[in-house]
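Please read the structure below before turning to the comments.
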Amino acid sequence: MSEKALAYLTENRDRLLEKLNDFLSIPSVSTDSVHKEDVRNAASFLETYLADTGFENVQQIETKKHPIVYAEYTKAGPNAPTVLLYGHYDVQPVDPIELWKSEPFKPEVRDGRLYARGSSDDKGQVFMHLAVFEALMKTEGKLPLNVKVCLEGEEEIGSENLYRTLQEKKELFQADFAVISDSGMVAKNQPTILYGLKGFTGIEITVSGPDHDLHSGMYGGAVRNPIMALSHILASMKDENEVVTVDGFYDGVEDLTEEERHLIEQVPSEDFVRATGITETVSEKGYTAKEHTMARPTFEVNGIYGGYQGEGTKTIIPTSATAKITCRLVPGQEPDRIQEALEAHVKKVAPKGVTVKVKKEKLSAKAYKVEPNHPLIQKAADSYTKAFGKETVYVRMGGSIPVVEWIEDIYNIPIVLLGFGTPDDRLHSPNESFPLDSYDKGMETLVYYWNEIK
């Protein structure tokens with residue numbers, strides 16, 4: 001079955017690439033109401049393609065904003081597994097437009113890369129699945145397993161209505177496992193299994209002092225400076241060894257096993273100094289920078305502001321100061337509990353003479369991890385290696401994908417993250433692109449994988 005489908009993809013490559021270009025040409029920017037009909041047009045493109053391929057019950061599920069495209073294939077029979085395929089068809093805005101070297105919604109191939117907004121995130125990767133389903137249906141007249149498709153139009157604006165839909169229509173989306181292709185590989189042509197994602201939560205701390213800015217000469221030495229007070233609070237939350245000093249922060253966090261450390265060691269190392277312009281790396285005591293970014297929790301101050309920001313000097317004691325903090329979490333850490341621990345620490349160390357307010361971030365997500373030796377993961381790794389001709393590496397990622405938590409929470413099923421993007425794709429930035437190598441070898445991977453799962 002694989003050989004026929006692969007031959008079909010090769011013979012129809014130009015036509016399928018042209019079809020992908022049609023999809024990429026639709027400016028489905030979900031955050032901008034000007035593009036509301038464009039988002040709908042992208043959903044309709046998918047609806048038509050799925051119906052033409054032979055999927056059943058193809059529909060657009062209405063939400064309070066943009067529709068979710070649903071389709072199913074059930075003809076593999078009750079004894080075949082059912083996969084829930086998730087992806088998204090909305091894209092980020094293109095600003096700043098002047099930095100694009102080609103029109104963001106007029107796809108263009110340059111130096112082996114397909115340039116367009118959404119080429120990597122996530123239209124290109126969604127389309128690869130649909131093209132593979134077409135190839136299997138056209139050559140075999142069937143798919144090797146049952147499939148349910150969930151393609152949303154709000155991922156770039158927080159998937160506002162997805163969780164509610166998955167809950168309300170739980171039976172419709174129920175499956176044995178899920179596959180998501182909205183991630184990438186650690187390097188071009190380096191097959192990568194993403195078996196873990198970090199969670200996310202945060203707080204905002206505002207320290208208030210006098211009800212107006214004060215003359216520092218008249219009041220310095222009598223009034224607590226809110227910026228200094230905030231600095232004291234922040235400095236107390238992490239030590240010089242990059243260890244978070246908040247009581248309870250590490251409760252439930254498991255140490256890295258030797259097996260996981262070996263897996264992380266096999267991942268090609270990023271040159272952090274060259275990539276970021278820093279002078280040297282820092283990481284939690286006892287862990288390498290690679291281990292910390294992939295598999296240990298983090299605490300970061302994302303922004304801090306207060307007082308005079310203009311040119312020169314203004315001799316004041318400012319009325320307030322604010323810091324924004326986020327934490328990336330690992331399995332065993334509950335976002336709500338971490339927020340409570342952070343708030344308790346802030347109140348414990350807050351200096352006298354100021355008022356401290358903690359605002360909890362509404363958007364949070366729990367960490368996700370599947371065992372690397374799970375059969376579904378091993379089959380994915382084997383399929384990657386067969387297509388790319390290189391051994392697959394296993395990574396946990398510092399980023400968060402909320403839908404992963406939601407699918408696990410509602411359905412309690414394994415989730416396979418089959419990503420084909422590369423670090424050079426410039427996601428969310430001008431000149432987003434996708435390597436045609438990843439496009440071709442990615443579809444080959446999917447052909448092998450679906451035939452392995454049957």
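Letters for chains follow the order of the structure tokens (A, B, ...), residue numbers begin at 1 for each chain, and ligand numbers begin at 1 in the order shown.
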Helix (DSSP H, G or I) call set, DSSP backbone run, range 180-243 of chain A, as a list in words | Ser216, Gly217, Met218, Tyr219, Pro226, Ile227, Met228, Ala229, Leu230, Ser231, His232, Ile233, Leu234 and Ala235 of chain A
Expected file contents, prior selection, C-alpha atoms, as a PDB file, in the first residue's frame:
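Result file part24.pdb:
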```pdb
ATOM      1  CA  SER A 216      13.514  62.329  45.704  1.00  0.00           C
ATOM      2  CA  GLY A 217      15.390  65.034  47.560  1.00  0.00           C
ATOM      3  CA  MET A 218      12.463  65.948  49.779  1.00  0.00           C
ATOM      4  CA  TYR A 219      11.213  62.424  50.450  1.00  0.00           C
ATOM      5  CA  PRO A 226       8.267  50.953  44.760  1.00  0.00           C
ATOM      6  CA  ILE A 227      10.859  50.021  42.118  1.00  0.00           C
ATOM      7  CA  MET A 228      13.383  49.075  44.804  1.00  0.00           C
ATOM      8  CA  ALA A 229      10.687  47.133  46.671  1.00  0.00           C
ATOM      9  CA  LEU A 230       9.743  45.254  43.493  1.00  0.00           C
ATOM     10  CA  SER A 231      13.414  44.525  42.789  1.00  0.00           C
ATOM     11  CA  HIS A 232      13.750  43.072  46.295  1.00  0.00           C
ATOM     12  CA  ILE A 233      10.754  40.793  45.710  1.00  0.00           C
ATOM     13  CA  LEU A 234      12.013  39.576  42.324  1.00  0.00           C
ATOM     14  CA  ALA A 235      15.552  38.971  43.566  1.00  0.00           C
TER      15      ALA A 235
END
```
Contacts of range 80-141 of chain A with range 23-45 of chain A up to 6 Å, shortest pair per row, only C-alpha atoms, as JSON lines:
```
{"residue": "A:Asp90", "atom": "CA", "partner": "A:Ser28", "partner_atom": "CA", "distance": 5.1}
{"residue": "A:Val91", "atom": "CA", "partner": "A:Val29", "partner_atom": "CA", "distance": 5.0}
{"residue": "A:Gln92", "atom": "CA", "partner": "A:Val29", "partner_atom": "CA", "distance": 5.7}
{"residue": "A:Pro93", "atom": "CA", "partner": "A:Val29", "partner_atom": "CA", "distance": 5.8}
{"residue": "A:Phe105", "atom": "CA", "partner": "A:Ser25", "partner_atom": "CA", "distance": 4.5}
{"residue": "A:Lys106", "atom": "CA", "partner": "A:Ser25", "partner_atom": "CA", "distance": 5.6}
```
Write out as an NGL selection string which residues come within 10 Å of Ile304 in chain A when counting only C-alpha atoms, dropping same-chain ones fewer than 6 positions away.
-> :A and (204-206 or 227 or 230-231 or 321-325)
Which residues, written as a PyMOL selection string, have at least one atom at most 9 Å from Gln339 in chain A, with only C-alpha atoms counted and residues fewer than 4 positions away on the same chain left out?
-> chain A and resi 201-203+334-335+343-344+360-361
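Relative to CA of Phe55 in chain A, CA of Asp121 in chain A is found at 23.9 Å.
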Close residues, Thr319 in chain A itself excluded, 9 Å, only C-alpha atoms, min 5 positions apart in chain, as a short mmCIF file (atom, residue, chain, number, x, y, z; two decimals) with N, CA and C atoms, in the first residue's frame:
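Produced file part-v4.cif, reproduced below:
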```cif
data_model
loop_
_atom_site.label_atom_id
_atom_site.label_comp_id
_atom_site.auth_asym_id
_atom_site.auth_seq_id
_atom_site.Cartn_x
_atom_site.Cartn_y
_atom_site.Cartn_z
N VAL A 207 3.58 46.93 42.61
CA VAL A 207 3.93 47.51 43.91
C VAL A 207 3.58 48.99 43.86
N SER A 208 2.76 49.43 44.80
CA SER A 208 2.32 50.83 44.85
C SER A 208 2.83 51.49 46.12
N GLY A 209 3.27 52.74 45.96
CA GLY A 209 3.74 53.51 47.10
C GLY A 209 2.95 54.79 47.25
N PRO A 210 3.59 55.94 47.08
CA PRO A 210 2.87 57.22 47.20
C PRO A 210 1.81 57.37 46.12
N ASP A 211 0.81 58.22 46.38
CA ASP A 211 -0.27 58.36 45.41
C ASP A 211 0.10 59.28 44.24
N HIS A 212 1.32 59.83 44.27
CA HIS A 212 1.84 60.57 43.13
C HIS A 212 3.38 60.53 43.21
N ASP A 213 4.04 60.78 42.07
CA ASP A 213 5.50 60.81 42.07
C ASP A 213 6.00 61.88 43.04
N LEU A 214 7.06 61.51 43.79
CA LEU A 214 7.59 62.42 44.80
C LEU A 214 8.98 62.93 44.45
N ASN A 225 10.72 53.22 48.04
CA ASN A 225 10.69 53.33 46.58
C ASN A 225 10.07 52.05 45.99
N PRO A 226 8.93 52.15 45.29
CA PRO A 226 8.27 50.95 44.76
C PRO A 226 9.15 50.12 43.82
N ILE A 227 9.99 50.78 43.03
CA ILE A 227 10.86 50.02 42.12
C ILE A 227 11.88 49.21 42.92
N GLY A 306 8.13 51.07 35.42
CA GLY A 306 7.73 51.99 36.47
C GLY A 306 8.63 53.21 36.47
N GLY A 307 8.13 54.31 36.93
CA GLY A 307 8.95 55.50 37.03
C GLY A 307 9.25 56.17 35.71
#
```
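You will find CA of Pro191 in chain A at 22.9 Å from CA of Arg110 in chain A.
For the pair CA of Thr165 in chain A and CA of Val149 in chain A, the interatomic distance is 13.6 Å.
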Pick the closest to Glu62 in chain A from A:Val370, A:Ala80, A:Leu143, A:Leu162: which is it, counting only C-alpha atoms?
-> A:Leu162
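Distances to Phe434 in chain A were evaluated for A:Trp450, A:Leu6, A:Thr422, A:Tyr86 using only C-alpha atoms, and the minimum falls at A:Thr422.
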Skip Gln378 in chain A itself and residues of its chain fewer than 2 positions away, then list as a PyMOL selection string all residues within 12 Å of it, counting only C-alpha atoms.
-> chain A and resi 192-195+370-376+380-385+391-394+416+418+449+452-453
